[in-house]
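A quick write-up on the structure given underneath.
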Protein chains: 2
Amino acid sequence: MDFGTEFKPLTVQPQEIEQLSFQMITEELGSHDFSTEQYPVVQRIIHASADFELGRSLVFHEQAMEAGIQAILAGQPVIADVRMVEAGIAKERLQRYGGEVRVYISDPDVIEAAREQGLTRAIVATRKACAEAPGGIYVIGNAPTALLELIRLIQAGEARPGLVIGMPVGFVSAAESKEELRRLDVPYITNIGRKGGSTVVVAAVNALSLLAVRRAETDAAHVRP
Amino acid sequence: MDFGTEFKPLTVQPQEIEQLSFQMITEELGSHDFSTEQYPVVQRIIHASADFELGRSLVFHEQAMEAGIQAILAGQPVIADVRMVEAGIAKERLQRYGGEVRVYISDPDVIEAAREQGLTRAIVATRKACAEAPGGIYVIGNAPTALLELIRLIQAGEARPGLVIGMPVGFVSAAESKEELRRLDVPYITNIGRKGGSTVVVAAVNALSLLAVRRAETDAAHVRP
């Protein structure tokens with residue numbers, strides 16, 4: 001293959017591309033206050049967005065990483081707000097521990113109830129998710145109404161998520177919903193401001209499941225004689 | 001529902017949220033050089049990313065909008081680089097004109113050939129796509145290697161896409177691949193820099209298909225007596 005002399009040499013192996021990207025991110029980000037456990041999530045989100053401002057805006061509840069890893073290892077389901085998020089999540093790493101990805105937004109009963117009650121499908125889907133999996137890992141990259149409803153259900157004692165990854169993107173209520181999330185004492189990963197979205201929350205879940213796999217492997221190595 | 005008094009009033013109807021968001025985007029973006037036809041794509045990308053810098057970095061080939069609308073109305077398939085992009089595209093608007101979304105990256109023969117030849121799956125998937133749909137709408141939000149391969153095939157005369165939406169995100173070769181795309185005289189929508197990704201290209205496709213539907217409806221109204 002020849003793309004002309006003006007091109008930088010092209011590394012065609014995906015692992016090498018990822019390695020090199022991660023190096024560039026670490027160099028360019030410079031000093032930061034994220035912990036060693038949190039940093040892989042930050043790094044993978046910057047990798048998925050090429051947005052250092054977004055990376056720097058991330059906020060972690062102090063138990064977020066440990067709770068998220070434990071929830072994955074316990075096989076808690078990952079509740080995705082939309083199909084795009086579901087599509088992006090590396091499922092085999094969840095399945096190893098009995099987990100799966102669920103998305104309720106297009107369920108016929110959700111669509112029907114939303115129409116009847118004049119609510120967003122995101123709100124109704126969140127209610128259904130909390131009824132079926134109150135301890136799940138909630139991943140919201142889009143509708144602020146989903147995150148606000150989840151917060152309400154947590155406050156009402158109807159949900160106790162293993163982890164909330166709450167980064168809806170947008171101009172109406174997105175930043176406010178995240179501000180509200182940061183007031184809760186539940187394990188969360190979120191950010192300050194309007195940015196977020198499907199690719200960003202997918203990056204967070206995939207970073208987390210990689211850490212969970214590593215944890216399981218380390219634990220297994222220590223148990224072995 | 002009551003989220004506390006510190007909350008701004010919450011509009012729960014998705015259409016109202018979108019309307020209000022679009023107004024905010026137009027006000028905040030201020031003056032720009034995008035044409036009336038291009039602007040809906042810019043607006044929807046900013047809506048999906050909350051990133052004005054990204055919005056301002058968009059670059060349109062002068063025939064991009066018209067070619068894209070015509071390709072959709074002609075039922076050309078939309079070739080998505082990854083499953084996440086496929087999941088996000090509003091398919092019913094394409095199906096009205098005989099179009100569909102295709103994604104080749106996980107095809108067993110693509111995976112096999114990539115392994116054998118030591119290439120990225122993205123490159124092999126692009127070759128398969130160009131063999132099957134040389135006039136399709138190519139949507140690349142992730143692998144720069146897919147965009148670089150598409151450029152090579154266009155230059156070799158093996159593809160003549162209806163439109164290229166080329167916005168791979170990333171640190172290695174992403175910006176360079178877009179720079180190369182901008183040198184071609186083919187209909188493209190791209191941007192300057194590292195940013196991009198699945199949500200961004202999905203926003204572009206969905207804005208475009210809305211315009212195509214509106215065009216078809218306007219044309220039909222003119223034909224009617």
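Chain labels run A, B, ... following the order of the structure tokens; each chain numbers its residues from 1, and ligands are numbered from 1 in the order shown.
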
Selection: 12 Å around A:Gln15, only C-alpha atoms, excl. self and same-chain fewer than 4 positions, as a PyMOL selection string: (chain A and resi 11+19-22) or (chain B and resi 119-120+172)

Distance query B:Asp81 at most 9 Å, only C-alpha atoms, self and fewer than 2 positions along chain excluded, as a PyMOL selection string: chain B and resi 79+83-86+102-105+122+125-126+138-143+146+198

I need the residues from that last selection saved to file as a tab-separated table (two decimals), in the first residue's frame (with N, CA and C atoms), if you can.
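And here is the file that came out, again27.tsv:
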chain	number	residue	atom	x	y	z
B	79	ILE	N	-22.81	2.41	4.01
B	79	ILE	CA	-21.80	1.47	4.52
B	79	ILE	C	-21.24	2.03	5.82
B	83	ARG	N	-20.43	-1.53	13.98
B	83	ARG	CA	-21.80	-1.83	14.37
B	83	ARG	C	-22.45	-0.68	15.15
B	84	MET	N	-21.66	0.08	15.91
B	84	MET	CA	-22.22	1.20	16.66
B	84	MET	C	-22.84	2.24	15.72
B	85	VAL	N	-22.17	2.47	14.60
B	85	VAL	CA	-22.69	3.43	13.61
B	85	VAL	C	-23.98	2.87	13.02
B	86	GLU	N	-23.95	1.62	12.67
B	86	GLU	CA	-25.15	0.97	12.13
B	86	GLU	C	-26.32	1.12	13.10
B	102	ARG	N	-25.30	-1.24	5.77
B	102	ARG	CA	-24.48	-2.46	5.76
B	102	ARG	C	-23.22	-2.24	6.59
B	103	VAL	N	-22.78	-3.29	7.26
B	103	VAL	CA	-21.53	-3.22	8.00
B	103	VAL	C	-20.82	-4.55	7.81
B	104	TYR	N	-19.56	-4.47	7.39
B	104	TYR	CA	-18.83	-5.67	6.98
B	104	TYR	C	-17.77	-6.11	7.98
B	105	ILE	N	-17.50	-5.27	8.97
B	105	ILE	CA	-16.31	-5.47	9.80
B	105	ILE	C	-16.31	-6.78	10.59
B	122	ALA	N	-10.69	-3.35	9.28
B	122	ALA	CA	-11.28	-2.17	8.64
B	122	ALA	C	-10.87	-2.06	7.18
B	125	ALA	N	-12.64	-4.92	5.26
B	125	ALA	CA	-14.07	-4.61	5.17
B	125	ALA	C	-14.33	-3.54	4.11
B	126	THR	N	-13.45	-2.56	4.02
B	126	THR	CA	-13.60	-1.50	3.02
B	126	THR	C	-13.46	-2.06	1.61
B	138	TYR	N	-20.39	6.07	2.16
B	138	TYR	CA	-19.41	5.48	3.07
B	138	TYR	C	-19.30	6.32	4.33
B	139	VAL	N	-19.53	5.67	5.46
B	139	VAL	CA	-19.59	6.38	6.74
B	139	VAL	C	-18.53	5.80	7.67
B	140	ILE	N	-17.50	6.60	7.91
B	140	ILE	CA	-16.34	6.12	8.69
B	140	ILE	C	-16.11	7.05	9.88
B	141	GLY	N	-16.34	6.53	11.07
B	141	GLY	CA	-16.17	7.33	12.28
B	141	GLY	C	-15.04	6.83	13.16
B	142	ASN	N	-14.41	5.74	12.74
B	142	ASN	CA	-13.46	5.09	13.65
B	142	ASN	C	-12.09	4.84	13.02
B	143	ALA	N	-11.97	3.79	12.24
B	143	ALA	CA	-10.64	3.41	11.79
B	143	ALA	C	-10.13	4.30	10.66
B	146	ALA	N	-9.58	2.43	7.43
B	146	ALA	CA	-10.71	2.25	6.52
B	146	ALA	C	-10.81	3.43	5.55
B	198	SER	N	-18.26	7.64	16.18
B	198	SER	CA	-19.53	7.04	15.77
B	198	SER	C	-20.71	8.00	15.91

Select all residues from chain B having any atom no more than 8 Å from an atom of chain A (counting only C-alpha atoms, ignoring ligands), output as a PDB file with C-alpha atoms, in the first residue's frame.
ATOM      1  CA  PHE B   3     -36.470  16.772  41.067  1.00  0.00           C
ATOM      2  CA  PHE B   7     -33.645  22.241  38.813  1.00  0.00           C
ATOM      3  CA  LYS B   8     -34.504  24.166  35.705  1.00  0.00           C
ATOM      4  CA  LEU B  10     -37.641  19.971  32.545  1.00  0.00           C
ATOM      5  CA  VAL B  12     -40.028  15.958  28.815  1.00  0.00           C
ATOM      6  CA  GLN B  13     -41.168  15.830  25.191  1.00  0.00           C
ATOM      7  CA  PRO B  14     -38.232  14.779  23.003  1.00  0.00           C
ATOM      8  CA  ILE B  17     -36.009  19.199  23.829  1.00  0.00           C
ATOM      9  CA  LEU B  20     -34.870  24.076  22.182  1.00  0.00           C
ATOM     10  CA  SER B  21     -31.419  22.531  21.777  1.00  0.00           C
ATOM     11  CA  MET B  24     -29.459  27.240  21.667  1.00  0.00           C
ATOM     12  CA  HIS B  47     -26.271  18.569  19.095  1.00  0.00           C
ATOM     13  CA  ALA B  48     -24.752  15.081  19.287  1.00  0.00           C
ATOM     14  CA  SER B  49     -21.393  16.192  20.670  1.00  0.00           C
ATOM     15  CA  ALA B  50     -22.054  19.480  22.495  1.00  0.00           C
ATOM     16  CA  ASP B  51     -18.821  20.487  20.828  1.00  0.00           C
ATOM     17  CA  ARG B  83     -21.803  -1.828  14.375  1.00  0.00           C
ATOM     18  CA  MET B  84     -22.222   1.204  16.656  1.00  0.00           C
ATOM     19  CA  VAL B  85     -22.687   3.426  13.614  1.00  0.00           C
ATOM     20  CA  ALA B  87     -27.114   0.952  15.403  1.00  0.00           C
ATOM     21  CA  GLY B  88     -27.447   4.738  15.496  1.00  0.00           C
ATOM     22  CA  GLY B 118      -1.940  -9.104   8.371  1.00  0.00           C
ATOM     23  CA  LEU B 119      -4.224  -6.142   7.657  1.00  0.00           C
ATOM     24  CA  THR B 120      -6.773  -4.403   9.853  1.00  0.00           C
ATOM     25  CA  THR B 145      -7.190   2.674   7.953  1.00  0.00           C
ATOM     26  CA  LEU B 148      -7.205   5.547   3.818  1.00  0.00           C
ATOM     27  CA  ARG B 152      -6.822   4.397  -2.317  1.00  0.00           C
ATOM     28  CA  VAL B 169     -11.522   9.886  15.639  1.00  0.00           C
ATOM     29  CA  GLY B 170      -8.092   9.311  17.057  1.00  0.00           C
ATOM     30  CA  PHE B 171      -4.454  10.038  17.574  1.00  0.00           C
ATOM     31  CA  VAL B 172      -2.748   7.890  14.954  1.00  0.00           C
ATOM     32  CA  SER B 173      -3.445   8.766  11.292  1.00  0.00           C
ATOM     33  CA  GLU B 176      -3.937  12.769   8.296  1.00  0.00           C
ATOM     34  CA  ARG B 194      -8.523  14.383  15.506  1.00  0.00           C
ATOM     35  CA  LYS B 195     -12.139  14.516  16.579  1.00  0.00           C
ATOM     36  CA  GLY B 196     -14.969  12.501  15.097  1.00  0.00           C
ATOM     37  CA  GLY B 197     -16.412   9.137  16.051  1.00  0.00           C
ATOM     38  CA  SER B 198     -19.528   7.045  15.767  1.00  0.00           C
ATOM     39  CA  THR B 199     -22.000   9.530  17.266  1.00  0.00           C
TER      40      THR B 199
END

Residues at most 7 Å from B:Lys178, counting only C-alpha atoms, excluding those fewer than 6 positions away in the same chain, as number ranges by chain? B: 166-167, 190-192

Please produce a file of the residues just selected, as a CSV table (one decimal), in the first residue's frame, where the atoms kept are N, CA and C atoms.
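Written out: part36.csv:
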chain,number,residue,atom,x,y,z
B,166,GLY,N,-16.4,11.0,6.3
B,166,GLY,CA,-15.1,10.5,6.8
B,166,GLY,C,-14.7,11.3,8.0
B,167,MET,N,-15.0,10.8,9.2
B,167,MET,CA,-14.5,11.5,10.4
B,167,MET,C,-14.0,10.5,11.4
B,190,THR,N,-16.3,16.0,6.0
B,190,THR,CA,-15.2,15.6,7.0
B,190,THR,C,-14.9,16.8,7.9
B,191,ASN,N,-13.9,16.7,8.7
B,191,ASN,CA,-13.5,17.8,9.6
B,191,ASN,C,-12.0,17.8,9.7
B,192,ILE,N,-11.5,18.9,10.2
B,192,ILE,CA,-10.1,19.1,10.4
B,192,ILE,C,-9.8,18.7,11.8

May I ask for the distance between atom CA of A:Ala216 and atom CA of A:Val59, given in Å to one decimal place?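 Straight-line distance from atom CA of A:Ala216 to atom CA of A:Val59 works out to 25.4 Å.
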
Atom CA of A:Gly75 to atom CA of A:Asp185, distance in Å rounded to a single decimal: 22.5 Å

For the strand (DSSP E or B) assignment from backbone DSSP, which residues of stretch 114-161 of chain A qualify? Please present them as a VMD selection string. chain A and resid 137 to 140

Limited to C-alpha atoms, could you put the picked residues into a file as a tab-separated table (two decimals), in the first residue's frame?
chain	number	residue	atom	x	y	z
A	137	ILE	CA	-24.58	-0.99	36.08
A	138	TYR	CA	-26.50	1.94	34.57
A	139	VAL	CA	-24.95	3.48	31.48
A	140	ILE	CA	-26.53	6.70	30.24

Based on the backbone DSSP call, show me all residues of stretch 58-204 of chain B assigned helix (DSSP H, G or I), as a PyMOL selection string. chain B and resi 64-73+83-88+91-95+108-117+121-132+144-155+174-182+198-204

Could you give me, as a list in words, the residues within 8 Å of stretch 67-70 of chain A, counting only C-alpha atoms and dropping anything in the same chain fewer than 4 positions from it?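 Near neighbours after the sequence-gap exclusion: Gln63, Ala74, Ile137, Gly162, Leu163, Pro187, Leu208, Ser209, Leu211 and Ala212 of chain A.
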
Of the candidates B:Ala80, B:Arg56, B:Glu112, B:Gly98, which one gets nearest to B:Val205 if we count only C-alpha atoms? B:Ala80

Which value, in Å to one decimal, gives the distance between atom CA of B:Glu28 and atom CA of B:Gln43? 11.0 Å

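The closest residue to B:Ala64, picked from B:Ala156, B:Ala90, B:Val186, B:Ala129 and counting only C-alpha atoms, is B:Val186.
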
Applying 9 Å and only C-alpha atoms, which residues near A:Val42 remain after dropping the ones on its own chain fewer than 5 positions away? List them as a compact mmCIF listing (two decimals) with N, CA, C and O atoms, in the first residue's frame.
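Result written to part_6.txt:
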# COMPACT_ATOMS: atom_id res chain seq x y z
N PHE A 34 -6.23 12.22 38.73
CA PHE A 34 -6.93 10.94 38.72
C PHE A 34 -6.06 9.87 39.38
O PHE A 34 -4.83 9.92 39.29
N HIS A 47 -9.23 8.66 24.31
CA HIS A 47 -8.95 7.89 23.09
C HIS A 47 -10.18 7.84 22.18
O HIS A 47 -10.08 7.94 20.95
N GLY A 55 -11.96 14.73 28.90
CA GLY A 55 -11.23 13.86 29.81
C GLY A 55 -10.99 14.53 31.16
O GLY A 55 -11.22 13.93 32.21
N ARG A 56 -10.58 15.79 31.11
CA ARG A 56 -10.31 16.52 32.36
C ARG A 56 -11.57 16.81 33.16
O ARG A 56 -11.51 17.09 34.35
N LEU A 58 -13.92 14.75 33.82
CA LEU A 58 -14.48 13.55 34.45
C LEU A 58 -14.43 13.64 35.97
O LEU A 58 -13.49 14.19 36.55
N ALA A 203 -16.74 3.77 26.09
CA ALA A 203 -15.31 3.73 26.44
C ALA A 203 -15.14 3.47 27.93
O ALA A 203 -14.27 2.69 28.34
N ALA A 204 -15.98 4.07 28.75
CA ALA A 204 -15.89 3.88 30.20
C ALA A 204 -16.20 2.43 30.58
O ALA A 204 -15.46 1.81 31.35
N ALA A 207 -13.30 0.15 29.42
CA ALA A 207 -12.12 0.29 30.28
C ALA A 207 -12.35 -0.47 31.58
O ALA A 207 -11.47 -1.18 32.08

One residue among B:Glu27, B:Glu92, B:Glu100, B:Asp219 is nearest to B:Phe52 when using only C-alpha atoms, and that residue is B:Glu27
